[in-house]
$ cat my_file_4.txt   # compact mmCIF, C-alpha atoms
# COMPACT_ATOMS: atom_id res chain seq x y z
CA MET N 1 -71.27 -73.49 35.19
CA ASN N 2 -73.62 -70.53 35.01
CA ASP N 3 -76.30 -71.25 32.39
CA SER N 4 -76.44 -67.57 31.47
CA THR N 5 -72.77 -67.61 30.41
CA ALA N 6 -72.72 -71.01 28.70
CA GLY N 7 -71.26 -70.63 25.23
CA GLN N 8 -70.09 -67.05 25.79
CA LYS N 9 -66.46 -66.58 24.88
CA VAL N 10 -63.62 -64.34 26.05
CA LEU N 11 -60.52 -63.74 23.96
CA PHE N 12 -57.16 -63.56 25.77
CA VAL N 13 -54.45 -61.79 23.76
CA LEU N 14 -50.83 -62.79 24.43
CA THR N 15 -47.65 -61.18 23.14
CA SER N 16 -45.59 -62.78 20.38
CA HIS N 17 -42.49 -60.75 21.29
CA ASP N 18 -39.77 -62.76 23.05
CA ARG N 19 -36.94 -60.34 23.92
CA LYS N 20 -36.64 -57.34 26.25
CA GLY N 21 -35.24 -54.77 23.87
CA ASN N 22 -31.53 -55.19 23.22
CA THR N 23 -30.82 -56.85 26.58
CA GLY N 24 -31.04 -60.39 25.23
CA GLN N 25 -33.29 -61.28 28.16
CA PRO N 26 -36.22 -63.50 27.20
CA THR N 27 -39.78 -62.41 27.73
CA GLY N 28 -43.29 -63.30 26.60
CA PHE N 29 -46.74 -63.26 28.10
CA TYR N 30 -46.64 -63.42 31.90
CA ALA N 31 -48.29 -66.76 32.66
CA PRO N 32 -49.89 -65.90 36.05
CA GLU N 33 -51.64 -62.92 34.45
CA ALA N 34 -53.36 -65.32 32.07
CA ALA N 35 -53.90 -68.12 34.58
CA HIS N 36 -55.76 -66.20 37.27
CA PRO N 37 -58.34 -64.47 35.04
CA TRP N 38 -58.75 -67.72 33.11
CA ALA N 39 -59.57 -69.61 36.32
CA VAL N 40 -62.15 -66.99 37.34
CA LEU N 41 -63.82 -66.81 33.95
CA ARG N 42 -63.84 -70.55 33.40
CA ALA N 43 -65.43 -71.06 36.83
CA ALA N 44 -68.12 -68.57 35.80
CA GLY N 45 -68.86 -70.61 32.68
CA PHE N 46 -67.03 -68.69 29.97
CA ASP N 47 -65.02 -70.31 27.21
CA VAL N 48 -61.57 -68.78 26.71
CA ASP N 49 -59.65 -68.61 23.44
CA PHE N 50 -56.12 -67.32 22.92
CA ALA N 51 -54.79 -65.04 20.20
CA SER N 52 -51.41 -63.39 19.60
CA PRO N 53 -50.06 -60.91 17.06
CA ARG N 54 -48.28 -63.61 15.06
CA GLY N 55 -50.49 -66.56 15.96
CA GLY N 56 -49.03 -69.96 16.78
CA HIS N 57 -47.24 -70.74 20.04
CA PRO N 58 -46.58 -67.53 22.00
CA PRO N 59 -43.50 -67.17 24.22
CA MET N 60 -44.14 -67.34 27.95
CA GLU N 61 -42.44 -66.26 31.16
CA GLY N 62 -43.35 -66.73 34.81
CA GLY N 63 -44.47 -70.32 34.39
CA GLU N 64 -42.10 -71.69 37.01
CA GLN N 65 -43.88 -70.20 40.02
CA ASP N 66 -45.31 -72.43 42.74
CA ASP N 67 -48.90 -71.32 42.30
CA PRO N 68 -51.74 -73.86 42.27
CA VAL N 69 -53.86 -71.71 39.95
CA LEU N 70 -50.97 -71.42 37.51
CA ARG N 71 -50.28 -75.17 37.73
CA GLY N 72 -53.92 -75.89 36.94
CA PHE N 73 -53.82 -73.53 33.97
CA LEU N 74 -50.65 -75.01 32.48
CA ALA N 75 -51.87 -78.58 33.06
CA ASP N 76 -55.26 -78.05 31.45
CA ALA N 77 -55.48 -80.02 28.20
CA GLU N 78 -57.63 -77.43 26.43
CA VAL N 79 -55.32 -74.59 27.44
CA ARG N 80 -52.29 -76.52 26.24
CA ARG N 81 -53.95 -77.24 22.90
CA LYS N 82 -55.01 -73.63 22.37
CA LEU N 83 -51.66 -72.18 23.45
CA ALA N 84 -49.87 -74.44 21.01
CA ASP N 85 -51.70 -72.73 18.14
CA SER N 86 -53.06 -69.36 19.24
CA LEU N 87 -55.24 -67.51 16.78
CA ALA N 88 -53.74 -64.89 14.50
CA PRO N 89 -55.76 -61.65 14.55
CA GLU N 90 -56.97 -62.14 11.00
CA ALA N 91 -58.55 -65.44 12.05
CA VAL N 92 -60.56 -63.85 14.88
CA ARG N 93 -64.23 -62.97 14.44
CA ALA N 94 -64.81 -60.18 16.93
CA GLN N 95 -68.54 -60.89 17.02
CA ASP N 96 -67.83 -64.28 18.57
CA TYR N 97 -66.54 -62.71 21.81
CA ALA N 98 -68.23 -60.98 24.73
CA ALA N 99 -64.91 -59.65 26.02
CA ILE N 100 -61.22 -59.34 25.30
CA LEU N 101 -58.35 -59.39 27.80
CA PHE N 102 -54.87 -58.12 26.97
CA VAL N 103 -52.55 -60.20 29.17
CA GLY N 104 -49.33 -58.58 30.36
CA GLY N 105 -45.68 -59.41 29.99
CA HIS N 106 -42.95 -57.04 28.86
CA GLY N 107 -43.16 -58.29 25.28
CA THR N 108 -46.49 -56.54 24.88
CA MET N 109 -44.73 -53.18 24.92
CA TRP N 110 -43.27 -53.95 21.51
CA ASP N 111 -46.07 -55.68 19.63
CA PHE N 112 -49.40 -54.52 21.12
CA PRO N 113 -49.47 -50.70 20.71
CA ASP N 114 -49.45 -50.43 16.92
CA HIS N 115 -51.11 -53.69 15.89
CA ALA N 116 -54.04 -52.67 13.71
CA GLY N 117 -55.64 -56.11 13.82
CA LEU N 118 -55.74 -56.24 17.60
CA ALA N 119 -57.09 -52.69 17.76
CA ARG N 120 -59.84 -53.58 15.29
CA ILE N 121 -60.91 -56.60 17.33
CA ALA N 122 -60.93 -54.73 20.64
CA ALA N 123 -62.81 -51.73 19.24
CA SER N 124 -65.39 -54.01 17.63
CA ILE N 125 -65.99 -55.92 20.86
CA TYR N 126 -66.25 -52.72 22.88
CA GLU N 127 -68.59 -50.97 20.45
CA ALA N 128 -70.82 -54.04 20.39
CA GLY N 129 -71.32 -53.67 24.15
CA GLY N 130 -68.54 -56.02 25.22
CA VAL N 131 -65.88 -55.68 27.89
CA VAL N 132 -62.24 -54.74 27.32
CA GLY N 133 -59.75 -55.80 29.98
CA ALA N 134 -55.99 -55.42 30.34
CA VAL N 135 -53.52 -56.19 33.11
CA CYS N 136 -50.00 -55.00 34.00
CA HIS N 137 -48.29 -54.27 30.64
CA GLY N 138 -51.39 -55.42 28.74
CA PRO N 139 -52.74 -51.84 28.68
CA SER N 140 -49.99 -51.13 26.14
CA ALA N 141 -52.66 -52.31 23.67
CA LEU N 142 -54.78 -49.32 24.68
CA VAL N 143 -52.35 -46.45 24.12
CA ASN N 144 -53.26 -46.04 20.41
CA LEU N 145 -56.60 -47.87 20.34
CA LYS N 146 -59.19 -45.76 18.55
CA LEU N 147 -62.92 -46.29 18.25
CA SER N 148 -64.81 -45.93 14.97
CA ASP N 149 -65.36 -42.20 15.56
CA GLY N 150 -61.60 -41.67 15.80
CA SER N 151 -61.54 -41.10 19.56
CA LEU N 152 -59.08 -42.92 21.80
CA LEU N 153 -60.74 -45.57 23.94
CA VAL N 154 -58.87 -44.46 27.07
CA ALA N 155 -59.51 -40.73 26.68
CA GLY N 156 -61.40 -39.48 29.72
CA LYS N 157 -61.29 -42.89 31.43
CA ARG N 158 -59.71 -43.98 34.68
CA VAL N 159 -57.14 -46.74 34.19
CA ALA N 160 -54.57 -48.82 36.04
CA ALA N 161 -51.37 -50.16 34.49
CA PHE N 162 -47.82 -51.11 35.43
CA THR N 163 -46.58 -47.87 36.90
CA ASP N 164 -43.56 -45.94 35.76
CA ASP N 165 -42.17 -46.35 39.28
CA GLU N 166 -42.59 -50.13 39.08
CA GLU N 167 -40.79 -50.08 35.71
CA ARG N 168 -37.90 -48.22 37.29
CA ALA N 169 -37.91 -50.67 40.22
CA VAL N 170 -37.36 -53.63 37.86
CA GLY N 171 -34.63 -51.72 36.02
CA LEU N 172 -36.32 -51.70 32.63
CA ASP N 173 -37.40 -48.07 32.37
CA ARG N 174 -34.63 -47.45 29.81
CA VAL N 175 -35.26 -50.71 27.96
CA VAL N 176 -38.98 -50.55 27.18
CA PRO N 177 -39.86 -48.38 24.16
CA PHE N 178 -42.00 -46.08 26.34
CA LEU N 179 -43.24 -45.79 29.92
CA LEU N 180 -46.76 -47.16 30.02
CA ALA N 181 -48.53 -45.19 32.74
CA GLY N 182 -47.22 -41.85 31.57
CA THR N 183 -48.14 -42.62 27.97
CA LEU N 184 -51.69 -43.57 28.92
CA ALA N 185 -51.97 -40.26 30.76
CA SER N 186 -50.71 -38.45 27.66
CA ARG N 187 -53.58 -40.06 25.73
CA GLY N 188 -56.14 -38.45 28.01
CA ALA N 189 -56.55 -41.25 30.53
CA THR N 190 -56.48 -40.69 34.27
CA HIS N 191 -53.91 -43.14 35.59
CA VAL N 192 -54.85 -44.37 39.07
CA PRO N 193 -51.79 -45.92 40.79
CA ALA N 194 -51.45 -47.95 43.96
CA PRO N 195 -48.19 -48.54 45.84
CA ASN N 196 -45.73 -50.76 44.00
CA TRP N 197 -46.77 -54.42 43.71
CA GLN N 198 -50.13 -53.90 45.45
CA ALA N 199 -53.30 -55.23 43.80
CA ASN N 200 -55.14 -52.43 42.01
CA VAL N 201 -58.07 -52.89 39.64
CA VAL N 202 -59.86 -49.92 38.09
CA VAL N 203 -63.25 -50.25 36.37
CA ASP N 204 -64.57 -47.45 34.17
CA GLY N 205 -67.74 -48.54 32.42
CA ARG N 206 -66.82 -51.59 30.36
CA LEU N 207 -63.07 -51.02 30.63
CA VAL N 208 -61.28 -53.07 33.30
CA THR N 209 -57.58 -52.54 33.96
CA GLY N 210 -55.13 -53.89 36.53
CA GLN N 211 -51.77 -52.57 37.66
CA ASN N 212 -49.55 -55.63 38.06
CA PRO N 213 -49.54 -59.43 38.51
CA ALA N 214 -51.23 -59.10 41.91
CA SER N 215 -54.18 -57.51 40.10
CA ALA N 216 -54.81 -60.35 37.63
CA ASP N 217 -57.36 -62.23 39.73
CA GLY N 218 -59.29 -59.02 40.38
CA VAL N 219 -59.36 -58.14 36.69
CA GLY N 220 -60.90 -61.53 35.97
CA ARG N 221 -63.48 -61.05 38.71
CA GLU N 222 -64.49 -57.60 37.55
CA MET N 223 -64.76 -58.75 33.94
CA SER N 224 -66.92 -61.69 35.05
CA ARG N 225 -69.10 -59.37 37.10
CA LEU N 226 -69.70 -57.02 34.17
CA LEU N 227 -70.39 -59.87 31.78
CA THR N 228 -72.84 -61.64 34.06
CA SER N 229 -74.63 -58.46 35.15
CA GLY N 230 -75.25 -57.36 31.59
CA ALA N 231 -73.65 -53.99 32.27

$ encode --input "my_file_4.txt" --output "structure tokens"
Amino acid sequence: MNDSTAGQKVLFVLTSHDRKGNTGQPTGFYAPEAAHPWAVLRAAGFDVDFASPRGGHPPMEGGEQDDPVLRGFLADAEVRRKLADSLAPEAVRAQDYAAILFVGGHGTMWDFPDHAGLARIAASIYEAGGVVGAVCHGPSALVNLKLSDGSLLVAGKRVAAFTDDEERAVGLDRVVPFLLAGTLASRGATHVPAPNWQANVVVDGRLVTGQNPASADGVGREMSRLLTSGA
């Protein structure tokens, strides 16, 4: 553990939404996108808490993969305890956290964009000098996120997110309520894509975003770097 990070906390936000539109297909937070940043941040000495729009036990997908980092995450007693009863936004004290990470999963597209409580927490952390991270569909939390002066957090910033082409490739471009990358661009962000499924992490100041599951480890590493460097 790094003594300089001991006691510092990062809040992971997970979707509470469990269905992909009207398809009947289950969804939830995408477990590897939580596991890989968690492993990086825990190794750096950070404590990680979990929150979700509705609190309680969030739905999960992707937990069946043969991935040693994911297995370690799902087997960790503290993770299991915290996932069983994730914090509701109204129970979160933003001043307790040095950073916030919006974990992906298709469910986020329904319950992240217009959640006032999540926006309040993220804006408070950011304006206090903290780091905001998001991976894959997690940047859906950023499309309407305004700072205290009324400006959009992403306006004028370079970002990565699940691309519209990737959404079409998985056949859900007509299921999700909006296309993420294009919507971020419409909010004044510069969307920086990589080829489908390739790792892509974009850092703009204290905003760290990743394109897809392959980017989750890198998002964790860049967040850890910013937090430990005091940037």

$ closest_residue --input "my_file_4.txt" --among "N:Val135, N:Ala116, N:Leu101, N:Met109" --to "Arg19 (chain N)" --atoms "only C-alpha atoms"
N:Met109

$ residues_around --input "my_file_4.txt" --residues "Phe162 (chain N)" --least-positions-apart "6" --cutoff "10 Å" --atoms "only C-alpha atoms" --output "number ranges by chain"
N: 104, 135-140, 179-181, 193-194, 196-197, 200, 209-213

$ closest_residue --input "my_file_4.txt" --among "N:Pro195, N:Gly72, N:Gly105, N:Pro58" --to "Leu87 (chain N)" --atoms "all atoms listed in the file"
N:Pro58

$ residues_near_point --input "my_file_4.txt" --point "(-42.7, -62.5, 31.2)" --cutoff "12 Å" --atoms "only C-alpha atoms" --output "mmCIF file with C-alpha atoms, in the coordinates of the input"
data_model
loop_
_atom_site.group_PDB
_atom_site.id
_atom_site.type_symbol
_atom_site.label_atom_id
_atom_site.label_comp_id
_atom_site.auth_asym_id
_atom_site.auth_seq_id
_atom_site.Cartn_x
_atom_site.Cartn_y
_atom_site.Cartn_z
ATOM 1 C CA LEU N 14 -50.830 -62.790 24.430
ATOM 2 C CA THR N 15 -47.650 -61.180 23.140
ATOM 3 C CA SER N 16 -45.590 -62.780 20.380
ATOM 4 C CA HIS N 17 -42.490 -60.750 21.290
ATOM 5 C CA ASP N 18 -39.770 -62.760 23.050
ATOM 6 C CA ARG N 19 -36.940 -60.340 23.920
ATOM 7 C CA LYS N 20 -36.640 -57.340 26.250
ATOM 8 C CA GLN N 25 -33.290 -61.280 28.160
ATOM 9 C CA PRO N 26 -36.220 -63.500 27.200
ATOM 10 C CA THR N 27 -39.780 -62.410 27.730
ATOM 11 C CA GLY N 28 -43.290 -63.300 26.600
ATOM 12 C CA PHE N 29 -46.740 -63.260 28.100
ATOM 13 C CA TYR N 30 -46.640 -63.420 31.900
ATOM 14 C CA ALA N 31 -48.290 -66.760 32.660
ATOM 15 C CA PRO N 32 -49.890 -65.900 36.050
ATOM 16 C CA GLU N 33 -51.640 -62.920 34.450
ATOM 17 C CA ALA N 34 -53.360 -65.320 32.070
ATOM 18 C CA PRO N 58 -46.580 -67.530 22.000
ATOM 19 C CA PRO N 59 -43.500 -67.170 24.220
ATOM 20 C CA MET N 60 -44.140 -67.340 27.950
ATOM 21 C CA GLU N 61 -42.440 -66.260 31.160
ATOM 22 C CA GLY N 62 -43.350 -66.730 34.810
ATOM 23 C CA GLY N 63 -44.470 -70.320 34.390
ATOM 24 C CA GLU N 64 -42.100 -71.690 37.010
ATOM 25 C CA GLN N 65 -43.880 -70.200 40.020
ATOM 26 C CA VAL N 103 -52.550 -60.200 29.170
ATOM 27 C CA GLY N 104 -49.330 -58.580 30.360
ATOM 28 C CA GLY N 105 -45.680 -59.410 29.990
ATOM 29 C CA HIS N 106 -42.950 -57.040 28.860
ATOM 30 C CA GLY N 107 -43.160 -58.290 25.280
ATOM 31 C CA THR N 108 -46.490 -56.540 24.880
ATOM 32 C CA MET N 109 -44.730 -53.180 24.920
ATOM 33 C CA CYS N 136 -50.000 -55.000 34.000
ATOM 34 C CA HIS N 137 -48.290 -54.270 30.640
ATOM 35 C CA GLY N 138 -51.390 -55.420 28.740
ATOM 36 C CA ASN N 212 -49.550 -55.630 38.060
ATOM 37 C CA PRO N 213 -49.540 -59.430 38.510
#

$ closest_residue --input "my_file_4.txt" --among "N:Gly150, N:Pro177, N:Gly182, N:Gly205" --to "Asp165 (chain N)" --atoms "only C-alpha atoms"
N:Gly182

$ closest_atom_pairs --input "my_file_4.txt" --of "region 20-119 of chain N" --to "region 126-131 of chain N" --cutoff "12 Å" --atoms "all atoms listed in the file" --output "Markdown table"
| residue | atom | partner | partner_atom | distance |
| --- | --- | --- | --- | --- |
| N:Ala94 | CA | N:Ala128 | CA | 9.3 |
| N:Gln95 | CA | N:Ala128 | CA | 8.0 |
| N:Asp96 | CA | N:Gly130 | CA | 10.6 |
| N:Tyr97 | CA | N:Gly130 | CA | 7.8 |
| N:Ala98 | CA | N:Gly130 | CA | 5.0 |
| N:Ala99 | CA | N:Val131 | CA | 4.5 |
| N:Ile100 | CA | N:Val131 | CA | 6.5 |
| N:Leu101 | CA | N:Val131 | CA | 8.4 |
| N:Phe102 | CA | N:Val131 | CA | 11.3 |
| N:Ala119 | CA | N:Tyr126 | CA | 10.5 |

$ atom_distance --input "my_file_4.txt" --atom1 "CA of Val175 (chain N)" --atom2 "CA of Leu207 (chain N)"
27.9 Å

$ atom_distance --input "my_file_4.txt" --atom1 "CA of Pro37 (chain N)" --atom2 "CA of Gly218 (chain N)"
7.7 Å

$ decode --input "my_file_4.txt" --residues "region 130-164 of chain N" --atoms "N, CA and C atoms" --output "JSON list (two decimals), in the first residue's frame"
[["chain", "number", "residue", "atom", "x", "y", "z"],
["N", 130, "GLY", "N", -11.05, 16.68, -7.51],
["N", 130, "GLY", "CA", -10.98, 15.25, -7.68],
["N", 130, "GLY", "C", -11.02, 14.82, -9.13],
["N", 131, "VAL", "N", -10.96, 13.52, -9.33],
["N", 131, "VAL", "CA", -10.91, 12.92, -10.66],
["N", 131, "VAL", "C", -12.25, 12.28, -10.99],
["N", 132, "VAL", "N", -12.71, 12.47, -12.22],
["N", 132, "VAL", "CA", -13.91, 11.81, -12.73],
["N", 132, "VAL", "C", -13.48, 10.84, -13.82],
["N", 133, "GLY", "N", -13.88, 9.59, -13.68],
["N", 133, "GLY", "CA", -13.58, 8.57, -14.66],
["N", 133, "GLY", "C", -14.85, 7.91, -15.16],
["N", 134, "ALA", "N", -14.78, 7.35, -16.36],
["N", 134, "ALA", "CA", -15.91, 6.62, -16.92],
["N", 134, "ALA", "C", -15.39, 5.70, -18.01],
["N", 135, "VAL", "N", -16.00, 4.51, -18.13],
["N", 135, "VAL", "CA", -15.52, 3.55, -19.11],
["N", 135, "VAL", "C", -16.68, 2.94, -19.88],
["N", 136, "CYS", "N", -16.48, 2.77, -21.19],
["N", 136, "CYS", "CA", -17.41, 2.10, -22.09],
["N", 136, "CYS", "C", -18.74, 2.85, -22.17],
["N", 137, "HIS", "N", -19.83, 2.33, -21.59],
["N", 137, "HIS", "CA", -21.09, 3.07, -21.55],
["N", 137, "HIS", "C", -21.18, 3.97, -20.32],
["N", 138, "GLY", "N", -20.21, 3.87, -19.41],
["N", 138, "GLY", "CA", -20.22, 4.73, -18.23],
["N", 138, "GLY", "C", -20.26, 6.21, -18.55],
["N", 139, "PRO", "N", -19.63, 6.68, -19.66],
["N", 139, "PRO", "CA", -19.73, 8.10, -19.99],
["N", 139, "PRO", "C", -21.14, 8.59, -20.27],
["N", 140, "SER", "N", -22.12, 7.68, -20.30],
["N", 140, "SER", "CA", -23.52, 8.14, -20.38],
["N", 140, "SER", "C", -23.84, 9.06, -19.21],
["N", 141, "ALA", "N", -23.14, 8.90, -18.09],
["N", 141, "ALA", "CA", -23.35, 9.78, -16.93],
["N", 141, "ALA", "C", -22.90, 11.20, -17.20],
["N", 142, "LEU", "N", -22.09, 11.39, -18.25],
["N", 142, "LEU", "CA", -21.50, 12.70, -18.51],
["N", 142, "LEU", "C", -22.30, 13.53, -19.51],
["N", 143, "VAL", "N", -23.26, 12.95, -20.20],
["N", 143, "VAL", "CA", -23.88, 13.66, -21.32],
["N", 143, "VAL", "C", -24.67, 14.88, -20.85],
["N", 144, "ASN", "N", -25.21, 14.85, -19.63],
["N", 144, "ASN", "CA", -25.99, 15.99, -19.11],
["N", 144, "ASN", "C", -25.38, 16.57, -17.84],
["N", 145, "LEU", "N", -24.16, 16.17, -17.51],
["N", 145, "LEU", "CA", -23.56, 16.54, -16.23],
["N", 145, "LEU", "C", -23.06, 17.99, -16.28],
["N", 146, "LYS", "N", -23.68, 18.84, -15.47],
["N", 146, "LYS", "CA", -23.31, 20.24, -15.43],
["N", 146, "LYS", "C", -22.57, 20.59, -14.15],
["N", 147, "LEU", "N", -21.64, 21.52, -14.27],
["N", 147, "LEU", "CA", -20.92, 22.05, -13.12],
["N", 147, "LEU", "C", -21.75, 23.18, -12.49],
["N", 148, "SER", "N", -21.25, 23.73, -11.39],
["N", 148, "SER", "CA", -22.05, 24.71, -10.65],
["N", 148, "SER", "C", -22.28, 25.99, -11.44],
["N", 149, "ASP", "N", -21.44, 26.27, -12.44],
["N", 149, "ASP", "CA", -21.65, 27.47, -13.26],
["N", 149, "ASP", "C", -22.59, 27.22, -14.43],
["N", 150, "GLY", "N", -23.15, 26.01, -14.50],
["N", 150, "GLY", "CA", -24.10, 25.68, -15.55],
["N", 150, "GLY", "C", -23.48, 25.10, -16.80],
["N", 151, "SER", "N", -22.15, 25.05, -16.87],
["N", 151, "SER", "CA", -21.49, 24.50, -18.06],
["N", 151, "SER", "C", -21.47, 22.98, -17.98],
["N", 152, "LEU", "N", -21.47, 22.35, -19.15],
["N", 152, "LEU", "CA", -21.36, 20.90, -19.22],
["N", 152, "LEU", "C", -19.91, 20.48, -18.96],
["N", 153, "LEU", "N", -19.73, 19.47, -18.13],
["N", 153, "LEU", "CA", -18.38, 19.01, -17.81],
["N", 153, "LEU", "C", -17.59, 18.63, -19.06],
["N", 154, "VAL", "N", -18.25, 18.00, -20.03],
["N", 154, "VAL", "CA", -17.52, 17.49, -21.19],
["N", 154, "VAL", "C", -17.28, 18.54, -22.27],
["N", 155, "ALA", "N", -17.91, 19.70, -22.17],
["N", 155, "ALA", "CA", -17.78, 20.71, -23.22],
["N", 155, "ALA", "C", -16.32, 21.13, -23.37],
["N", 156, "GLY", "N", -15.80, 21.01, -24.59],
["N", 156, "GLY", "CA", -14.42, 21.39, -24.86],
["N", 156, "GLY", "C", -13.39, 20.37, -24.44],
["N", 157, "LYS", "N", -13.83, 19.20, -24.00],
["N", 157, "LYS", "CA", -12.89, 18.17, -23.54],
["N", 157, "LYS", "C", -12.84, 17.00, -24.52],
["N", 158, "ARG", "N", -11.68, 16.36, -24.55],
["N", 158, "ARG", "CA", -11.49, 15.16, -25.35],
["N", 158, "ARG", "C", -11.97, 13.96, -24.53],
["N", 159, "VAL", "N", -12.75, 13.09, -25.14],
["N", 159, "VAL", "CA", -13.31, 11.95, -24.42],
["N", 159, "VAL", "C", -13.26, 10.69, -25.29],
["N", 160, "ALA", "N", -13.26, 9.55, -24.63],
["N", 160, "ALA", "CA", -13.49, 8.26, -25.26],
["N", 160, "ALA", "C", -14.78, 7.68, -24.70],
["N", 161, "ALA", "N", -15.43, 6.84, -25.46],
["N", 161, "ALA", "CA", -16.65, 6.15, -25.01],
["N", 161, "ALA", "C", -16.93, 5.04, -26.01],
["N", 162, "PHE", "N", -17.83, 4.15, -25.65],
["N", 162, "PHE", "CA", -18.29, 3.11, -26.58],
["N", 162, "PHE", "C", -18.76, 3.80, -27.85],
["N", 163, "THR", "N", -18.16, 3.43, -28.97],
["N", 163, "THR", "CA", -18.43, 4.17, -30.19],
["N", 163, "THR", "C", -19.77, 3.77, -30.81],
["N", 164, "ASP", "N", -20.28, 4.67, -31.63],
["N", 164, "ASP", "CA", -21.53, 4.36, -32.32],
["N", 164, "ASP", "C", -21.35, 3.14, -33.24]]
